[in-house]
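Student: Take a look at the following structure, please.
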Amino acid sequence: MRKVRFCLRGRVWQGQSAAVTGRAEMVATDSPAAFDAAVARAAATLREDGLVVLPTETVYGLAGNACSSEAVEQIFTVKGRPTGNPVIAHVDGLAMARECVAAWPEAAARLARAFWPGPLTLVLLRSEVIADEVTAGGKTVAVRWPSHPLMRAVISACGFPLAAPSANRSGQLSPTCAEHAAAQLGEAVEVIVDGGQANVGIESTVVDVTGPKAQVLRPGMISAEVLAAALPGVAVVAAGATEGVLRSPGMLERHYAPTARLLVRRWRDEEDLEAQVAVFRAAAAYTFVIAHTNIPPGTRWGGVSVIPRDAEAYARALYAELHRCDAEGAELIVVEAVPEGDEWAGVADRLARAGA
């Protein structure tokens with residue numbers, strides 16, 4: 001009998017153990033001495049225009065010097081990322097953020113005070129400090145001050161911003177632990193720093209503050225409603241259809257996708273679920289279900305995972321569950337549609353792009 005799996009993940013910053021996966025050196029951070037050694041090892045590699053996989057509070061990133069065209073070009077090559085898809089410049093502090101941009105409007109100052117360091121990315125007019133490849137040749141740059149202590153320490157030790165898109169192959173699932181990153185990029189990078197499970201679990205909210213309105217280019221766990229509260233008198237709107245040069249990552253129609261086909265559905269009971277899945281002709285043994293409310297028995301399917309009906313807990317667990325389904329041979333993943341509402345917008349966006 002197959003078991004129903006309940007996903008209750010907590011906050012973990014510590015790494016596990018040092019190992020070598022493929023060519024990459026897996027570096028632990030599970031003691032103060034190991035943490036300091038990991039920072040030194042990562043910073044030394046980045047100063048030489050090498051690439052390092054680093055943890056952030058959102059997902060793991062593939063990091064390189066955001067001021068070096070050579071380093072950023074390597075990021076695009078390793079990921080197989082389209083050159084027209086910009087990446088985020090990660091900073092440690094307001095002073096470094098302001099060096100990356102040509103203007104710092106009041107809306108940026110308010111949002112930075114309210115949410116930095118944290119899972120919020122601001123799109124602003126770029127300065128010449130940032131390599132052209134970071135912005136996909138555009139006039140704006142996406143900047144974030146992450147809260148993860150390891151990422152902050154590495155940026156501080158380097159003294160320059162880090163371009164750090166998710167540490168995966170382009171379009172595939174973002175990694176929320178070092179093992180996920182190693183499975184996709186273990187033979188393509190020098191160093192993977194294990195900083196534990198990502199605490200947010202999905203990518204940052206991205207807001208363009210270059211105009212009179214604050215435009216949400218990519219929803220995340222900081223909702224539009226919460227953003228609006230920090231910007232009295234400023235309209236917060238969702239971005240319209242994508243035209244011309246992309247201003248932010250995460251705007252492609254298909255993204256964040258598992259290897260298996262993903263469906264987002266609502267169902268009344270298991271019979272209804274079976275009827276909806278039958279049309280796709282996937283064997284039950286290779287069909288995995290991720291639910292939060294209408295939980296089918298675990299005997300009919302290849303696996304059933306239950307994620308709490310709480311937006312933050314759901315986001316924290318989602319990618320790990322999709323990675324697990326892929327690893328266990330899923331051909332079809334059926335995800336119960338999440339509730340409507342502003343707090344669920346980031347999760348709903350990721351599921352929609354994964355299933356496109």
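Note on naming: chains are A, B, ... as they come in the structure tokens, residues start from 1 per chain, ligands start from 1 in the order shown.
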Please tabulate, as a tab-separated table, the residues of segment 74-173 of chain A that come within 8 Å of segment 226-241 of chain A, each with its closest pair of atoms and the distance in Å to one decimal, counting only C-alpha atoms and ordering rows by chain, then residue number upward.

Tutor:
```
residue	atom	partner	partner_atom	distance
A:Ala107	CA	A:Leu231	CA	6.7
A:Arg110	CA	A:Ala230	CA	6.5
A:Leu111	CA	A:Ala230	CA	6.4
A:Ala114	CA	A:Ala230	CA	6.7
```

Student: Can I get the selected residues back with N, CA, C and O atoms, as a compact mmCIF listing (two decimals), in the first residue's frame?

Tutor:
```txt
# COMPACT_ATOMS: atom_id res chain seq x y z
N ALA A 107 9.42 55.68 -4.50
CA ALA A 107 8.76 54.37 -4.38
C ALA A 107 9.77 53.28 -4.07
O ALA A 107 9.50 52.37 -3.27
N ARG A 110 10.75 53.58 -0.37
CA ARG A 110 9.72 53.06 0.54
C ARG A 110 9.69 51.54 0.56
O ARG A 110 9.59 50.92 1.64
N LEU A 111 9.74 50.94 -0.62
CA LEU A 111 9.69 49.48 -0.67
C LEU A 111 10.94 48.86 -0.07
O LEU A 111 10.87 47.81 0.60
N ALA A 114 10.62 48.88 3.65
CA ALA A 114 9.60 47.95 4.15
C ALA A 114 10.00 46.48 4.00
O ALA A 114 9.66 45.66 4.86
```

Student: Can you tell me which residues surround segment 40-52 of chain A at a distance of at most 10 Å, considering only C-alpha atoms, apart from same-chain residues fewer than 5 positions away, and format the answer as a ChimeraX atom specification?

Tutor: /A:24-25,27,34-35,61-72,74-75,78,151,153-160,162-164,167,188-193

Student: Just asking: which residues within segment 46-226 of chain A are helix (DSSP H, G or I) according to DSSP, as JSON, numbers by chain?

Tutor: {"A": [46, 47, 69, 70, 71, 72, 73, 74, 75, 76, 77, 78, 79, 94, 95, 96, 97, 98, 99, 106, 107, 108, 109, 110, 111, 112, 113, 114, 115, 132, 133, 134, 135, 149, 150, 151, 152, 153, 154, 155, 156, 157, 158, 178, 179, 180, 181, 182, 183, 184, 185, 224, 225, 226]}

Student: One decimal, Å: what's the distance from atom CA of Val207 of chain A over to atom CA of Leu173 of chain A, could you say?

Tutor: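 Pair atom CA of Val207 of chain A / atom CA of Leu173 of chain A returns 22.3 Å.
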
Student: Can you measure atom CA of Val101 of chain A to atom CA of Asn168 of chain A for me? One decimal in Å is fine.

Tutor: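 Atom-to-atom, atom CA of Val101 of chain A to atom CA of Asn168 of chain A, that is 27.2 Å.
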
Student: For Asp326 of chain A, which residue among A:Val123, A:Ala257, A:Val141, A:Ile222 is the nearest when counting only C-alpha atoms?

Tutor: A:Ala257

Student: Could you work out how far atom CA of Pro82 of chain A lies from atom CA of Cys325 of chain A, giving the answer in Å with one decimal?

Tutor: 26.7 Å

Student: Would you mind listing what lies within 9 Å of Val334 of chain A as a ChimeraX atom specification, with only C-alpha atoms counted and same-chain residues fewer than 6 positions away left out?

Tutor: /A:261-265,277,287-291

Student: May I have the residues from that selection written out with N, CA, C and O atoms, as an mmCIF file, in the first residue's frame?

Tutor:
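What landed in again.cif:
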```
data_model
loop_
_atom_site.group_PDB
_atom_site.id
_atom_site.type_symbol
_atom_site.label_atom_id
_atom_site.label_comp_id
_atom_site.auth_asym_id
_atom_site.auth_seq_id
_atom_site.Cartn_x
_atom_site.Cartn_y
_atom_site.Cartn_z
ATOM 1 N N ARG A 261 4.606 15.969 -17.122
ATOM 2 C CA ARG A 261 3.539 16.904 -17.460
ATOM 3 C C ARG A 261 2.799 17.296 -16.191
ATOM 4 O O ARG A 261 2.542 16.454 -15.314
ATOM 5 N N LEU A 262 2.449 18.580 -16.069
ATOM 6 C CA LEU A 262 1.769 19.055 -14.863
ATOM 7 C C LEU A 262 0.392 19.590 -15.216
ATOM 8 O O LEU A 262 0.235 20.376 -16.155
ATOM 9 N N LEU A 263 -0.608 19.149 -14.472
ATOM 10 C CA LEU A 263 -1.976 19.625 -14.618
ATOM 11 C C LEU A 263 -2.431 20.263 -13.318
ATOM 12 O O LEU A 263 -2.125 19.751 -12.229
ATOM 13 N N VAL A 264 -3.142 21.357 -13.407
ATOM 14 C CA VAL A 264 -3.758 21.982 -12.241
ATOM 15 C C VAL A 264 -5.265 21.790 -12.375
ATOM 16 O O VAL A 264 -5.870 22.222 -13.365
ATOM 17 N N ARG A 265 -5.859 21.132 -11.394
ATOM 18 C CA ARG A 265 -7.275 20.780 -11.491
ATOM 19 C C ARG A 265 -7.962 20.937 -10.127
ATOM 20 O O ARG A 265 -7.329 20.893 -9.077
ATOM 21 N N VAL A 277 -8.392 12.756 -15.179
ATOM 22 C CA VAL A 277 -7.050 12.298 -15.545
ATOM 23 C C VAL A 277 -7.102 11.283 -16.677
ATOM 24 O O VAL A 277 -6.157 11.180 -17.476
ATOM 25 N N THR A 287 1.230 8.384 -12.118
ATOM 26 C CA THR A 287 0.494 9.629 -11.906
ATOM 27 C C THR A 287 0.589 9.988 -10.432
ATOM 28 O O THR A 287 0.206 9.200 -9.563
ATOM 29 N N PHE A 288 1.107 11.170 -10.151
ATOM 30 C CA PHE A 288 1.292 11.631 -8.776
ATOM 31 C C PHE A 288 0.348 12.806 -8.511
ATOM 32 O O PHE A 288 0.106 13.627 -9.400
ATOM 33 N N VAL A 289 -0.165 12.851 -7.303
ATOM 34 C CA VAL A 289 -1.149 13.868 -6.935
ATOM 35 C C VAL A 289 -0.598 14.718 -5.798
ATOM 36 O O VAL A 289 -0.044 14.189 -4.824
ATOM 37 N N ILE A 290 -0.751 16.038 -5.931
ATOM 38 C CA ILE A 290 -0.393 16.975 -4.859
ATOM 39 C C ILE A 290 -1.669 17.710 -4.479
ATOM 40 O O ILE A 290 -2.281 18.389 -5.310
ATOM 41 N N ALA A 291 -2.091 17.565 -3.228
ATOM 42 C CA ALA A 291 -3.379 18.098 -2.783
ATOM 43 C C ALA A 291 -3.213 18.918 -1.507
ATOM 44 O O ALA A 291 -2.191 18.833 -0.818
#
```

Student: Can you tell me, as a ChimeraX atom specification, what residues are no more than 12 Å from Ala345 of chain A when counting only C-alpha atoms, ignoring any on the same chain fewer than 3 positions away?

Tutor: /A:202,205,216,218-225,238,311-312,315,337-342,348-352

Student: Which residues of segment 162-184 of chain A have any atom within 8 Å of an atom in segment 245-255 of chain A when counting only C-alpha atoms, and what is the closest pair of atoms for each, with the distance in Å to one decimal? Order the rows by chain and rising number and write it as a Markdown table.

Tutor:
```
| residue | atom | partner | partner_atom | distance |
| --- | --- | --- | --- | --- |
| A:Ser170 | CA | A:His255 | CA | 7.9 |
| A:Gly171 | CA | A:His255 | CA | 4.4 |
| A:Gln172 | CA | A:His255 | CA | 6.4 |
| A:Leu173 | CA | A:His255 | CA | 7.8 |
```

Student: Keeping only C-alpha atoms, write the selected residues as a PDB file, in the first residue's frame.

Tutor:
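So the final result, stored in out-v9.pdb, reads:
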```pdb
ATOM      1  CA  SER A 170      16.516  27.071 -18.142  1.00  0.00           C
ATOM      2  CA  GLY A 171      12.763  26.562 -17.807  1.00  0.00           C
ATOM      3  CA  GLN A 172      13.051  23.701 -15.337  1.00  0.00           C
ATOM      4  CA  LEU A 173      12.233  23.558 -11.644  1.00  0.00           C
TER       5      LEU A 173
END
```

Student: Here is a test: counting only C-alpha atoms, which residue of A:Gly346, A:Pro161, A:Pro297, A:Gly84 is nearest to Glu270 of chain A?

Tutor: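 The shortest atom-to-atom distance to Glu270 of chain A comes from A:Pro297.
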
Student: Do you know which residues are at most 12 Å from Ala112 of chain A counting only C-alpha atoms, after dropping those on the same chain fewer than 6 positions away, and could you put them as an mmCIF file with C-alpha atoms, in the first residue's frame?

Tutor:
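Listing of selection33.cif after writing:
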```
data_model
loop_
_atom_site.group_PDB
_atom_site.id
_atom_site.type_symbol
_atom_site.label_atom_id
_atom_site.label_comp_id
_atom_site.auth_asym_id
_atom_site.auth_seq_id
_atom_site.Cartn_x
_atom_site.Cartn_y
_atom_site.Cartn_z
ATOM 1 C CA GLY A 93 22.930 46.895 1.368
ATOM 2 C CA LEU A 94 21.361 50.060 0.018
ATOM 3 C CA ALA A 95 24.686 51.608 -0.939
ATOM 4 C CA ALA A 97 21.939 48.780 -4.689
ATOM 5 C CA ARG A 98 22.171 52.472 -5.514
ATOM 6 C CA TRP A 104 16.396 55.957 -6.874
ATOM 7 C CA PRO A 105 12.762 57.131 -6.820
ATOM 8 C CA GLU A 106 10.743 57.544 -3.649
ATOM 9 C CA GLY A 118 13.936 39.975 1.707
ATOM 10 C CA PRO A 119 12.136 38.368 -1.249
ATOM 11 C CA LEU A 120 11.425 41.575 -3.191
ATOM 12 C CA THR A 121 13.144 42.625 -6.426
ATOM 13 C CA LEU A 122 12.979 46.217 -7.678
ATOM 14 C CA VAL A 123 13.299 47.116 -11.356
ATOM 15 C CA VAL A 143 17.955 44.456 -8.035
ATOM 16 C CA ARG A 144 17.399 42.496 -4.822
ATOM 17 C CA TRP A 145 18.910 42.535 -1.323
ATOM 18 C CA PRO A 146 18.424 38.932 -0.113
ATOM 19 C CA VAL A 207 8.119 45.287 -8.990
ATOM 20 C CA VAL A 209 9.144 51.361 -10.013
ATOM 21 C CA LEU A 227 2.982 46.336 -1.481
ATOM 22 C CA ALA A 230 3.823 50.481 1.760
ATOM 23 C CA LEU A 231 3.086 52.852 -1.150
#
```

Student: May I have the residues within 6 Å of Tyr60 of chain A as a compact mmCIF listing (two decimals) with all heavy atoms, in the first residue's frame, using only C-alpha atoms and disregarding those fewer than 3 positions away in the same chain?

Tutor:
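Output saved as around-v2.txt:
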```
# COMPACT_ATOMS: atom_id res chain seq x y z
N LEU A 54 24.68 29.24 -4.79
CA LEU A 54 24.53 29.78 -3.44
C LEU A 54 23.07 29.74 -3.00
O LEU A 54 22.16 29.92 -3.83
CB LEU A 54 25.01 31.23 -3.40
CG LEU A 54 26.50 31.48 -3.65
CD1 LEU A 54 26.75 32.98 -3.78
CD2 LEU A 54 27.34 30.89 -2.53
N PRO A 55 22.83 29.55 -1.71
CA PRO A 55 21.46 29.57 -1.22
C PRO A 55 20.97 31.00 -1.02
O PRO A 55 21.72 31.89 -0.64
CB PRO A 55 21.57 28.86 0.14
CG PRO A 55 22.96 29.22 0.61
CD PRO A 55 23.80 29.26 -0.64
N THR A 56 19.70 31.23 -1.32
CA THR A 56 19.03 32.44 -0.86
C THR A 56 17.78 31.99 -0.12
O THR A 56 17.48 30.80 -0.07
CB THR A 56 18.64 33.38 -2.02
OG1 THR A 56 17.44 32.91 -2.62
CG2 THR A 56 19.75 33.48 -3.06
N SER A 166 18.05 31.32 -10.82
CA SER A 166 17.93 30.03 -10.16
C SER A 166 18.92 29.02 -10.73
O SER A 166 19.23 29.03 -11.93
CB SER A 166 16.50 29.49 -10.29
OG SER A 166 16.09 29.47 -11.65
N ALA A 167 19.44 28.17 -9.86
CA ALA A 167 20.51 27.23 -10.22
C ALA A 167 19.94 25.96 -10.85
O ALA A 167 20.01 24.87 -10.28
CB ALA A 167 21.35 26.91 -8.99
N PRO A 175 15.72 25.05 -7.76
CA PRO A 175 16.14 24.22 -6.64
C PRO A 175 15.90 24.92 -5.30
O PRO A 175 16.15 26.12 -5.17
CB PRO A 175 17.65 24.05 -6.88
CG PRO A 175 18.05 25.31 -7.59
CD PRO A 175 16.86 25.74 -8.40
N THR A 176 15.41 24.18 -4.34
CA THR A 176 15.22 24.75 -3.00
C THR A 176 16.15 24.11 -1.97
O THR A 176 16.06 24.40 -0.78
CB THR A 176 13.76 24.58 -2.54
OG1 THR A 176 13.38 23.21 -2.62
CG2 THR A 176 12.83 25.42 -3.41
```

Student: Enumerate as a list in words all residues of segment 31-188 of chain A assigned to strand (DSSP E) by DSSP on the backbone, naming them with the chain letters and numbers the document uses.

Tutor: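 Answer for segment 31-188 of chain A restricted to strand (DSSP E) is Val52, Val53, Leu54, Gly61, Leu62, Ala63, Gly64, Asn65, Ile88, Ala89, His90, Leu120, Thr121, Leu122, Val123, Leu124, Leu125, Thr140, Val141, Ala142, Val143, Arg144, Leu162 and Ala163 of chain A.
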